[in-house]
Each structure stands twice: as structure tokens, then as C-alpha cells.
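The data block below is my_file.txt; it holds compact mmCIF, C-alpha atoms and all ligand atoms.
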# COMPACT_ATOMS: atom_id res chain seq x y z
CA MET A 12 72.27 131.97 22.78
CA VAL A 13 73.32 135.57 23.26
CA GLU A 14 74.00 137.71 20.18
CA VAL A 15 77.19 139.77 20.36
CA SER A 16 78.93 142.14 17.95
CA ILE A 17 82.50 143.41 17.80
CA ILE A 18 83.24 146.94 16.66
CA GLY A 19 86.83 147.25 15.46
CA GLY A 20 87.07 143.55 14.59
CA SER A 21 90.03 143.97 12.24
CA GLY A 22 92.26 145.21 15.06
CA PHE A 23 94.43 143.09 17.31
CA VAL A 24 92.02 143.26 20.24
CA GLY A 25 88.92 142.81 18.07
CA GLY A 26 90.58 139.79 16.44
CA GLU A 27 91.22 138.18 19.81
CA LEU A 28 87.65 138.89 20.89
CA LEU A 29 86.40 137.12 17.78
CA ARG A 30 88.69 134.11 18.35
CA LEU A 31 87.33 133.76 21.89
CA LEU A 32 83.68 134.48 21.20
CA LEU A 33 83.43 132.05 18.26
CA PHE A 34 84.13 129.24 20.72
CA HIS A 35 82.02 130.59 23.58
CA PRO A 36 79.19 128.07 24.11
CA GLU A 37 76.59 130.74 24.96
CA VAL A 38 77.39 133.15 22.12
CA THR A 39 76.49 133.83 18.51
CA VAL A 40 78.65 136.44 16.82
CA LYS A 41 76.31 138.71 14.88
CA GLN A 42 78.51 141.44 13.40
CA VAL A 43 82.22 142.20 13.21
CA THR A 44 83.08 145.63 11.84
CA SER A 45 85.94 147.12 9.89
CA GLU A 46 85.74 150.19 7.70
CA THR A 47 88.86 149.19 5.77
CA HIS A 48 87.76 145.60 5.11
CA LYS A 49 83.95 145.88 5.04
CA GLY A 50 82.40 143.25 2.76
CA LYS A 51 85.45 140.97 2.96
CA PHE A 52 85.56 137.62 4.74
CA VAL A 53 87.13 137.98 8.19
CA LYS A 54 89.36 134.98 7.41
CA SER A 55 90.94 136.98 4.56
CA ILE A 56 92.93 138.89 7.20
CA ARG A 57 92.65 136.31 10.01
CA PRO A 58 94.12 133.18 8.42
CA HIS A 59 93.96 131.25 11.70
CA LEU A 60 90.15 131.46 11.46
CA ARG A 61 89.92 129.66 8.08
CA GLN A 62 87.33 126.89 8.33
CA VAL A 63 86.24 128.36 11.67
CA THR A 64 83.97 131.14 10.47
CA ASP A 65 82.51 132.49 7.25
CA ILE A 66 81.48 135.79 8.78
CA LYS A 67 82.23 138.96 6.78
CA PHE A 68 83.22 142.37 8.05
CA SER A 69 80.45 144.95 8.05
CA SER A 70 80.49 148.71 8.53
CA VAL A 71 79.51 150.55 11.70
CA ALA A 72 77.05 152.38 9.45
CA ASN A 73 75.02 149.13 9.32
CA LEU A 74 75.12 148.36 13.00
CA GLN A 75 72.20 146.27 14.27
CA SER A 76 70.95 145.80 17.80
CA CYS A 77 72.36 142.89 19.78
CA ASP A 78 72.64 141.74 23.37
CA THR A 79 76.26 142.75 23.96
CA ILE A 80 78.49 144.97 21.92
CA PHE A 81 82.27 144.97 22.35
CA LEU A 82 83.92 148.23 21.28
CA ALA A 83 87.59 147.72 20.32
CA LEU A 84 88.26 151.12 18.78
CA PRO A 85 91.23 153.45 19.18
CA HIS A 86 90.96 156.05 21.89
CA GLY A 87 88.27 158.69 21.26
CA ARG A 88 86.58 156.91 18.34
CA SER A 89 83.67 155.56 20.39
CA PHE A 90 82.22 159.01 21.02
CA GLY A 91 80.39 159.13 17.69
CA LEU A 92 78.44 155.95 18.39
CA ILE A 93 78.30 155.42 22.13
CA GLN A 94 74.80 156.85 22.61
CA HIS A 95 73.46 154.75 19.74
CA VAL A 96 74.99 151.50 21.03
CA ILE A 97 73.79 152.09 24.59
CA GLU A 98 70.27 152.58 23.25
CA SER A 99 70.31 149.64 20.85
CA CYS A 100 72.23 146.96 22.82
CA ASN A 101 71.57 145.60 26.32
CA ASN A 102 75.23 145.64 27.33
CA VAL A 103 78.31 147.57 26.25
CA ILE A 104 81.88 146.52 26.96
CA ASP A 105 84.36 149.15 25.83
CA LEU A 106 88.03 148.20 25.53
CA SER A 107 89.47 151.65 24.88
CA ALA A 108 90.50 154.20 27.49
CA ASP A 109 87.41 156.33 26.85
CA TYR A 110 85.48 155.39 30.02
CA ARG A 111 88.15 154.09 32.39
CA LEU A 112 88.72 157.20 34.47
CA ARG A 113 85.97 158.31 36.83
CA SER A 114 87.15 161.90 36.97
CA GLU A 115 86.47 164.20 34.04
CA LYS A 116 89.33 166.41 35.20
CA GLU A 117 91.78 163.50 35.23
CA TYR A 118 90.59 162.49 31.77
CA GLU A 119 91.33 165.98 30.45
CA ARG A 120 94.72 166.02 32.15
CA TRP A 121 95.87 162.69 30.71
CA TYR A 122 94.16 162.71 27.33
CA GLY A 123 94.49 166.42 26.60
CA GLU A 124 90.88 166.98 25.57
CA LYS A 125 87.43 167.39 27.06
CA HIS A 126 85.40 164.22 27.55
CA LEU A 127 82.31 164.41 25.37
CA PHE A 128 80.16 162.25 27.69
CA PRO A 129 81.35 162.94 31.25
CA GLU A 130 78.13 161.52 32.74
CA LEU A 131 79.15 158.10 31.35
CA LEU A 132 82.41 158.14 33.32
CA ARG A 133 80.41 157.47 36.46
CA ARG A 134 78.19 154.81 34.87
CA PHE A 135 80.87 152.51 33.43
CA VAL A 136 82.32 149.94 35.85
CA TYR A 137 86.12 149.71 35.72
CA GLY A 138 86.79 146.36 34.12
CA ILE A 139 89.07 144.38 36.41
CA PRO A 140 86.83 141.50 37.61
CA GLU A 141 89.03 140.69 40.61
CA LEU A 142 88.25 144.17 41.99
CA TYR A 143 84.75 144.91 40.65
CA ARG A 144 83.04 141.55 40.14
CA LYS A 145 79.98 142.54 42.17
CA ASP A 146 79.51 145.88 40.39
CA MET A 147 79.91 144.20 37.01
CA SER A 148 77.23 141.65 37.79
CA LYS A 149 74.76 144.51 38.27
CA SER A 150 75.90 146.74 35.41
CA ASN A 151 75.31 146.87 31.68
CA LEU A 152 78.34 149.12 31.02
CA VAL A 153 81.91 147.93 31.56
CA SER A 154 85.11 149.70 30.60
CA SER A 155 87.86 147.12 30.26
CA ALA A 156 91.09 148.16 31.99
CA GLY A 157 94.32 148.99 30.18
CA CYS A 158 96.80 146.13 29.78
CA ASN A 159 99.70 147.72 31.67
CA ALA A 160 97.26 148.96 34.30
CA THR A 161 95.77 145.48 34.74
CA ALA A 162 99.14 143.84 35.39
CA SER A 163 100.22 146.65 37.73
CA ILE A 164 96.98 146.91 39.69
CA LEU A 165 96.62 143.15 40.16
CA ALA A 166 100.21 143.03 41.43
CA LEU A 167 99.71 145.82 43.93
CA HIS A 168 96.08 145.59 45.04
CA PRO A 169 96.63 143.12 47.93
CA ILE A 170 99.62 145.12 49.18
CA PHE A 171 97.65 148.37 49.18
CA GLN A 172 94.68 146.71 50.84
CA GLU A 173 96.74 145.13 53.60
CA ILE A 174 99.66 147.50 54.26
CA GLY A 175 98.78 150.56 52.16
CA ASP A 176 99.67 152.89 55.05
CA GLN A 177 103.25 151.51 54.97
CA VAL A 178 103.82 152.25 51.29
CA ARG A 179 106.19 155.18 50.73
CA ASP A 180 106.52 154.98 46.96
CA VAL A 181 105.90 152.63 44.07
CA VAL A 182 108.08 152.50 40.95
CA ILE A 183 106.66 150.40 38.12
CA ASP A 184 108.63 149.42 35.04
CA VAL A 185 106.65 147.64 32.35
CA LYS A 186 108.26 145.83 29.44
CA VAL A 187 105.78 145.48 26.62
CA GLY A 188 105.42 143.57 23.35
CA SER A 189 104.75 145.17 19.99
CA SER A 190 101.09 144.10 19.72
CA GLU A 191 100.29 146.61 22.45
CA GLY A 192 100.50 149.33 19.82
CA GLY A 193 97.72 147.88 17.65
CA LYS A 194 97.74 147.02 13.95
CA SER A 195 98.86 150.41 12.66
CA TYR A 196 102.56 150.90 12.13
CA ASN A 197 104.99 153.69 11.46
CA GLN A 198 108.68 154.15 10.77
CA ALA A 199 109.56 153.30 14.36
CA SER A 200 107.63 150.04 14.33
CA HIS A 201 108.92 148.92 10.93
CA HIS A 202 110.52 145.46 11.40
CA PRO A 203 114.14 146.28 10.43
CA ILE A 204 114.11 149.24 12.78
CA ARG A 205 112.31 147.67 15.68
CA ALA A 206 113.51 144.04 15.63
CA GLY A 207 116.12 143.43 18.32
CA SER A 208 115.67 146.85 19.87
CA LEU A 209 114.94 147.62 23.49
CA ARG A 210 113.37 151.04 23.48
CA SER A 211 112.26 153.28 26.28
CA TYR A 212 109.04 154.59 24.79
CA LYS A 213 107.23 156.22 27.70
CA PRO A 214 109.56 156.90 30.63
CA VAL A 215 107.08 159.37 32.15
CA MET A 216 103.44 160.41 31.69
CA HIS A 217 102.18 157.06 30.43
CA ARG A 218 98.39 157.36 30.43
CA HIS A 219 97.92 154.08 32.28
CA SER A 220 99.42 155.79 35.34
CA ALA A 221 96.08 157.56 35.71
CA GLU A 222 94.17 154.27 36.00
CA ILE A 223 96.70 152.81 38.39
CA ASN A 224 96.55 155.89 40.62
CA GLN A 225 92.76 155.84 40.53
CA GLU A 226 92.60 152.21 41.67
CA LEU A 227 95.38 152.23 44.27
CA PHE A 228 95.17 155.59 45.96
CA SER A 229 92.30 157.39 47.60
CA THR A 230 94.29 160.62 47.76
CA ASP A 231 96.14 162.66 45.17
CA ARG A 232 99.21 160.40 45.02
CA SER A 233 100.96 158.82 42.09
CA VAL A 234 102.98 155.77 41.20
CA TYR A 235 106.17 156.29 39.17
CA PHE A 236 105.50 154.44 35.94
CA SER A 237 107.74 153.80 32.91
CA ALA A 238 107.23 151.62 29.86
CA THR A 239 109.87 149.98 27.66
CA SER A 240 109.23 148.30 24.29
CA THR A 241 110.79 144.90 23.85
CA ASN A 242 111.27 142.48 21.01
CA ILE A 243 108.32 140.20 21.83
CA VAL A 244 104.94 140.35 20.04
CA ARG A 245 102.56 139.39 22.83
CA GLY A 246 102.83 139.86 26.52
CA LEU A 247 104.07 142.26 29.15
CA LEU A 248 106.06 142.03 32.35
CA ALA A 249 105.50 144.58 35.11
CA THR A 250 108.15 144.96 37.81
CA SER A 251 106.79 146.97 40.71
CA GLN A 252 109.26 148.22 43.30
CA VAL A 253 107.34 148.94 46.49
CA LEU A 254 109.30 151.08 48.93
CA LEU A 255 107.97 150.58 52.45
CA GLU A 256 108.30 152.25 55.84
CA ASP A 257 109.30 148.89 57.29
CA SER A 258 110.41 145.54 55.96
CA VAL A 259 107.90 142.83 55.13
CA SER A 260 108.57 139.09 55.14
CA GLU A 261 107.82 136.93 52.12
CA LYS A 262 105.66 134.78 54.39
CA ASP A 263 103.47 137.80 55.13
CA VAL A 264 103.34 138.72 51.45
CA TRP A 265 102.19 135.18 50.61
CA LYS A 266 99.42 135.59 53.17
CA MET A 267 98.28 138.89 51.63
CA PHE A 268 98.15 137.46 48.12
CA ARG A 269 96.44 134.26 49.25
CA LYS A 270 93.84 136.25 51.17
CA HIS A 271 92.87 138.23 48.08
CA TYR A 272 93.46 135.79 45.27
CA SER A 273 93.23 132.19 46.50
CA SER A 274 89.87 131.67 44.82
CA GLU A 275 90.60 133.76 41.71
CA PRO A 276 90.38 131.57 38.60
CA PHE A 277 92.82 133.66 36.55
CA ILE A 278 95.49 134.62 39.07
CA ARG A 279 98.41 132.33 39.78
CA LEU A 280 101.07 132.98 42.39
CA VAL A 281 104.41 132.08 40.85
CA ASN A 282 107.27 132.10 43.32
CA ASP A 283 109.30 128.92 43.00
CA LYS A 284 112.59 128.67 44.82
CA GLN A 285 114.20 126.58 42.09
CA GLY A 286 113.88 125.57 38.47
CA LEU A 287 113.60 127.56 35.28
CA PHE A 288 110.33 129.31 35.97
CA ARG A 289 110.80 130.94 39.36
CA TYR A 290 109.04 134.18 38.47
CA PRO A 291 106.31 135.13 35.97
CA ASP A 292 107.26 135.17 32.30
CA PRO A 293 104.80 136.46 29.66
CA LYS A 294 106.05 133.87 27.18
CA THR A 295 104.32 131.14 29.16
CA LEU A 296 101.03 133.06 29.06
CA ALA A 297 100.59 133.65 25.32
CA GLY A 298 96.93 133.11 24.45
CA SER A 299 95.81 132.55 28.04
CA ASN A 300 93.78 134.73 30.38
CA PHE A 301 96.03 134.21 33.40
CA CYS A 302 97.89 136.86 35.33
CA ASP A 303 100.96 135.37 37.01
CA ILE A 304 102.31 137.19 40.05
CA GLY A 305 105.53 136.66 41.97
CA PHE A 306 107.47 138.67 44.52
CA ALA A 307 110.73 139.01 46.43
CA SER A 308 111.38 140.88 49.64
CA ASP A 309 114.51 142.95 50.24
CA PRO A 310 114.33 143.55 54.02
CA ASP A 311 117.66 145.44 54.19
CA ASN A 312 116.11 148.19 52.08
CA ASN A 313 112.47 147.93 53.21
CA ARG A 314 111.69 147.01 49.64
CA LEU A 315 109.27 144.56 48.10
CA VAL A 316 109.49 143.71 44.39
CA VAL A 317 106.30 142.38 42.80
CA ILE A 318 106.52 140.87 39.34
CA SER A 319 103.41 140.33 37.23
CA ALA A 320 102.93 139.06 33.69
CA ILE A 321 99.97 138.82 31.31
CA ASP A 322 99.21 138.43 27.64
CA ASN A 323 98.29 142.03 26.78
CA LEU A 324 95.69 140.88 24.24
CA MET A 325 94.08 138.41 26.68
CA LYS A 326 94.03 139.33 30.39
CA GLY A 327 95.07 142.79 29.22
CA ALA A 328 92.15 143.14 26.76
CA ALA A 329 89.93 140.54 25.04
CA GLY A 330 90.15 137.79 27.68
CA GLN A 331 89.39 140.16 30.51
CA ALA A 332 86.46 141.60 28.53
CA VAL A 333 85.02 138.11 27.99
CA GLN A 334 85.49 137.45 31.71
CA ALA A 335 83.43 140.60 32.37
CA PHE A 336 80.84 139.44 29.82
CA ASN A 337 80.51 136.11 31.69
CA ILE A 338 80.01 137.93 34.98
CA MET A 339 77.41 140.30 33.48
CA HIS A 340 75.46 137.26 32.21
CA SER A 341 75.94 135.10 35.33
CA TYR A 342 77.82 132.47 33.33
CA ASP A 343 80.67 130.59 34.90
CA GLU A 344 83.45 133.19 34.81
CA VAL A 345 85.90 130.91 33.02
CA THR A 346 83.55 130.02 30.15
CA GLY A 347 85.43 130.25 26.85
CA LEU A 348 88.64 131.21 28.63
CA GLN A 349 90.15 127.93 29.74
CA PHE A 350 92.89 127.71 27.12
CA PRO A 351 96.15 127.43 29.11
CA GLY A 352 98.44 128.98 26.49
CA LEU A 353 101.11 127.36 24.34
CA TYR A 354 104.41 125.91 25.42
CA PRO A 355 106.87 126.28 23.89
CA VAL A 356 105.85 129.09 21.60
N1 LIG B 401 96.67 146.23 21.71
C1 LIG B 401 96.58 146.01 23.03
O1 LIG B 401 97.40 145.29 23.62
C2 LIG B 401 95.46 146.62 23.83
C3 LIG B 401 95.26 146.18 25.14
C4 LIG B 401 94.21 146.74 25.89
C5 LIG B 401 93.40 147.70 25.32
N2 LIG B 401 93.64 148.13 24.07
C6 LIG B 401 92.75 149.14 23.50
O2 LIG B 401 91.82 148.49 22.64
C7 LIG B 401 91.49 149.35 21.55
C8 LIG B 401 91.81 148.60 20.25
O3 LIG B 401 93.20 148.31 20.24
P1 LIG B 401 93.88 147.52 19.05
O4 LIG B 401 95.27 147.26 19.49
O5 LIG B 401 93.03 146.38 18.63
O6 LIG B 401 93.86 148.61 17.90
P2 LIG B 401 93.99 148.39 16.31
O7 LIG B 401 94.71 147.11 16.05
O8 LIG B 401 94.56 149.64 15.77
O9 LIG B 401 92.48 148.23 15.80
C9 LIG B 401 91.58 149.29 15.78
C10 LIG B 401 90.26 148.88 15.19
O10 LIG B 401 89.38 150.00 15.19
C11 LIG B 401 88.85 150.20 13.87
N3 LIG B 401 88.67 151.66 13.65
C12 LIG B 401 89.62 152.62 13.73
N4 LIG B 401 89.08 153.84 13.56
C13 LIG B 401 87.75 153.63 13.37
C14 LIG B 401 86.65 154.50 13.16
N5 LIG B 401 86.79 155.82 13.10
N6 LIG B 401 85.41 153.94 13.00
C15 LIG B 401 85.24 152.60 13.04
N7 LIG B 401 86.25 151.73 13.25
C16 LIG B 401 87.49 152.24 13.41
C17 LIG B 401 89.86 149.59 12.94
O11 LIG B 401 89.17 149.20 11.77
P3 LIG B 401 89.69 149.43 10.27
O12 LIG B 401 91.02 150.12 10.37
O13 LIG B 401 89.80 148.07 9.69
O14 LIG B 401 88.65 150.22 9.61
C18 LIG B 401 90.32 148.39 13.75
O15 LIG B 401 89.41 147.33 13.60
C19 LIG B 401 92.33 150.62 21.73
O16 LIG B 401 91.56 151.62 22.34
C20 LIG B 401 93.46 150.18 22.65
O17 LIG B 401 93.97 151.23 23.43
C21 LIG B 401 94.64 147.60 23.29
If you convert what's in this file into C-alpha cells, what do you get?
Amino acid sequence: MVEVSIIGGSGFVGGELLRLLLFHPEVTVKQVTSETHKGKFVKSIRPHLRQVTDIKFSSVANLQSCDTIFLALPHGRSFGLIQHVIESCNNVIDLSADYRLRSEKEYERWYGEKHLFPELLRRFVYGIPELYRKDMSKSNLVSSAGCNATASILALHPIFQEIGDQVRDVVIDVKVGSSEGGKSYNQASHHPIRAGSLRSYKPVMHRHSAEINQELFSTDRSVYFSATSTNIVRGLLATSQVLLEDSVSEKDVWKMFRKHYSSEPFIRLVNDKQGLFRYPDPKTLAGSNFCDIGFASDPDNNRLVVISAIDNLMKGAAGQAVQAFNIMHSYDEVTGLQFPGLYPV
């Protein structure tokens, strides 16, 4: 059995990591940290884990060595302990944005501060398994990708690989659930204010644009990315408008997606011509590690619309990190991740 610990275990992502890792057949969970709840039973704030675990929260001050450490901390909070965890644990999987960008300059531009460990930016593997499976299998440092970035990149990767030279512009609109913001709340996220609202929260300069640009373009180009908050708790839907030099047939798009994803265990092409579920819907993905992708071609306007959906806490965070963990340990990639989600929910 492999010993793992979760830093930031009282957060939404840390909580999902714990739920998954407690049922992973190769894993023993050693420590789960929270500064606010240290000493308390995890189940005291995770009622769905009653009778599942008697583990208590500990403090990062009492961190012990383990095989793999999952860092689920807010942006910038890993800097105080990253050197220590790299020295004391065999593998580190970070779920924040701290090590996702390879360029120090880009990090400064998007996060407004100097990176304290720029040498690590080149050592961490960007954590989308479908793109970096081979690198992950040889690395002990993985930086899990952002949730909006994951859905957008997976939707666009085959298009950029196959007809990237035909792409004029890409406009991505992501509709996100409230759990994307983490467990902290403010006046704007207070239930009576937020419930029922549809709020444009980041029409420009969303930080995930930096990751998407990094993974799709080799030159200094940018996608046009906007994010809108919706009334759901889990899940996100990314609608990517790809403006092309020429039209592309849906048959050719099918071929591109099949070429890249036909053997991917967590990608499903969803493009039914009839029925209720013709395109991806995050509601059908709650709790699962799948990314559903659909598309529609608009030949009159040389436009292709790609629609992708994930559970932000699963394929967008904890699930994808466990997928990376499996790859790093040469376990079957789907181990501990086969839950298909709930329907209806
Ligand atoms: N939410 C998502 O959908 C999502 C998706 C992908 C990636 N991410 C990224 O994953 C990370 C965690 O997100 P989240 O939504 O789980 O956030 P969250 O709900 O706010 O949880 C943050 C966790 O970090 C702990 N923490 C905060 N400051 C700390 C410090 N200085 N020292 C030690 N522990 C500290 C908190 O513990 P206590 O407050 O209990 O002490 C809590 O356990 C973020 O970087 C986020 O950007 C989130």
C-alpha cells in the first residue's frame, strides 16, 4: 500500500481527494490537514464520510513523510512548504495554479507577483493526462490543471493538432458552478444573493486563459475567454467557438476526435442527433471523472462549436489528480475512478 497525505483536506478539492483516496485499493491515507479544524474528526465537517473513516485533521506543522502528497491549497500558499514536501515525499501533486505555467514571466503577468520558485515551473509536469501521460509516468512532480482550462483544452486539443493552421480565433465561454470558488464565501456568494443569479464574473483576464494559451499555441497568441457563474453547485460547461479559415465537416471533426481520444478512458464523445442528451451536460457528470465533448459545425460561417463538460471537482481537480497519481505509480489509470456519476441528481 502507498501512503498518501492531503494538505488542505477541509477544502472542496481536498474533500473530494479524500473521498476518492479512501476507496483506492492501493492507498492508505496518512494525514489530512486543516488549520481551522486540526484535531477534529474529518467526518465532523464531511458528514458523507461517517462510518467511512475515523481519521482526524492534523496541522501542516506536524507533516510527516509519505509516498505522495496532494496539495489542495489556495493559490500561493504552497510556497512556504514546497521545498519541505519535495524533500520528504517521493511524489508531489499540486492542485493549485502555483506550478501550472512554464514561463516565469507569464506567471508574473497573470498572478501579479514574482514566482518564489521559478526553477520548479520547469520541473512540474502539466497535469492533463491525455496530453502528458508519458511525462507524468516519469515524473515525481505534477501540477494538476485548472478546471476551466481542462475542459477547454480537452475540447480544443484535437482541433489544434489536426487543423491548427486553419484556426483564426477561439472564443470560449465557460459557465461554472459555485463550488469552483472553494469553501470560503463572501457577500456575493451568500445564498440569498447568489441563488437564481446568472453572473458574468470574469469576462476578460481570467487566469485560466494563460494555461489554455500555453497548451494550445506555440506562439504569442491568445484565446478569448469569459466565465459566467451559474446556479449549479458542481460542474462546468465550456462552449468554444472556433473561427476557421475554411469550413470543416462534422464527419472530419469526428475523425479528429476519434484519432486523439478513442482509447481515452475518461473522454466521451457526445453528439447524438436525437433525444434529450444530444450535447454534454455537467449535471450528468456529477461525481464522475469523465469529460464529455460534443460539437456542431456551421459551414456557412466557417465556424465550429465545441462543447465540453466536466465536474470541476473531479476531472477538473481531484479526479484528474488521482488519474495522474495512478499514472505515476503505473497503476491502471482508472483505479478508484470508475464511479459513473449519479442520475438523476
Ligand atoms: N474548487 C474547484 O473547483 C477547483 C478546481 C481545480 C483546482 N482548484 C484549486 O485547488 C485549490 C483548492 O481549492 P478549493 O476549492 O478546495 O479551496 P478551499 O475550499 O478554499 O480549501 C482550501 C484549503 O486550504 C487550506 N488552507 C488555506 N490556507 C492555508 C494555509 N495558509 N496553510 C495551510 N492550509 C491552508 C484550508 O484549510 P483550513 O481553512 O481548514 O485551515 C482548506 O483546507 C485552489 O488552489 C484552487 O484554485 C479548485
Residue contacts of Gly50 of chain A (10 Å, only C-alpha atoms) excluding same-chain residues fewer than 6 positions away, as a short mmCIF file (atom, residue, chain, number, x, y, z; two decimals) with C-alpha atoms, in the coordinates of the input:
data_model
loop_
_atom_site.label_atom_id
_atom_site.label_comp_id
_atom_site.auth_asym_id
_atom_site.auth_seq_id
_atom_site.Cartn_x
_atom_site.Cartn_y
_atom_site.Cartn_z
CA THR A 44 83.08 145.63 11.84
CA ILE A 66 81.48 135.79 8.78
CA LYS A 67 82.23 138.96 6.78
CA PHE A 68 83.22 142.37 8.05
CA SER A 69 80.45 144.95 8.05
CA SER A 70 80.49 148.71 8.53
#
- Task: Taking all atoms listed in the file into account, report as JSON, numbers by chain which residues have an atom no farther than 6 Å from an atom of ligand LIG 401 (chain B).
- Result: {"A": [19, 20, 21, 22, 23, 24, 25, 45, 46, 47, 48, 83, 84, 85, 86, 88, 106, 107, 108, 157, 158, 190, 191, 192, 193, 194, 195, 323, 324, 327, 328]}
- Item | Shortest interatomic distance to Pro293 of chain A - which of A:Phe135, A:Phe81, A:Tyr354, A:Trp121, counting all atoms listed in the file |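 Selected residue with least distance to Pro293 of chain A: A:Tyr354.
Note that atom CA of Val281 of chain A and atom CA of Asp146 of chain A are 28.5 Å apart.
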Can you build me a table of segment 187-209 of chain A residues sitting at most 7 Å from segment 245-258 of chain A, with the closest atom pair per residue and its distance in Å to one decimal, using all atoms listed in the file, sorted by chain and residue number, as CSV?
residue,atom,partner,partner_atom,distance
A:Val187,CA,A:Leu247,CA,4.4
A:Gly188,CA,A:Arg245,CA,5.1
A:Ser189,CA,A:Arg245,CA,6.8
A:Ser190,CA,A:Arg245,CA,5.8
Write the residues of the preceding selection, restricted to C-alpha atoms, as a CSV table (one decimal), in the coordinates of the input.
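Heads up, here's the output in selection.csv:
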chain,number,residue,atom,x,y,z
A,187,VAL,CA,105.8,145.5,26.6
A,188,GLY,CA,105.4,143.6,23.4
A,189,SER,CA,104.8,145.2,20.0
A,190,SER,CA,101.1,144.1,19.7
Counting all atoms listed in the file, which residues of segment 105-173 of chain A fall within 12 Å of segment 344-348 of chain A, and what is the closest atom pair for each with its distance in Å at one decimal, ordered by chain and rising number, as JSON lines?
{"residue": "A:Pro140", "atom": "CA", "partner": "A:Glu344", "partner_atom": "CA", "distance": 9.4}
{"residue": "A:Glu141", "atom": "CA", "partner": "A:Glu344", "partner_atom": "CA", "distance": 11.0}
{"residue": "A:Arg144", "atom": "CA", "partner": "A:Glu344", "partner_atom": "CA", "distance": 9.9}
{"residue": "A:Met147", "atom": "CA", "partner": "A:Glu344", "partner_atom": "CA", "distance": 11.8}
{"residue": "A:Ser148", "atom": "CA", "partner": "A:Glu344", "partner_atom": "CA", "distance": 10.9}
- Message: I'd like the neighbourhood of Thr230 of chain A as a ChimeraX atom specification, where a residue qualifies if any of its atoms comes within 12 Å (using all atoms listed in the file), though same-chain residues fewer than 5 positions away should be ignored.
- Response: /A:175-176,224-225
- Item | Near-Leu131 of chain A list (12 Å; all atoms listed in the file; drop same-chain fewer than 5 positions) as a PyMOL selection string | chain A and resi 90+93-94+97+103+105+109-115+126+136-137+151-154
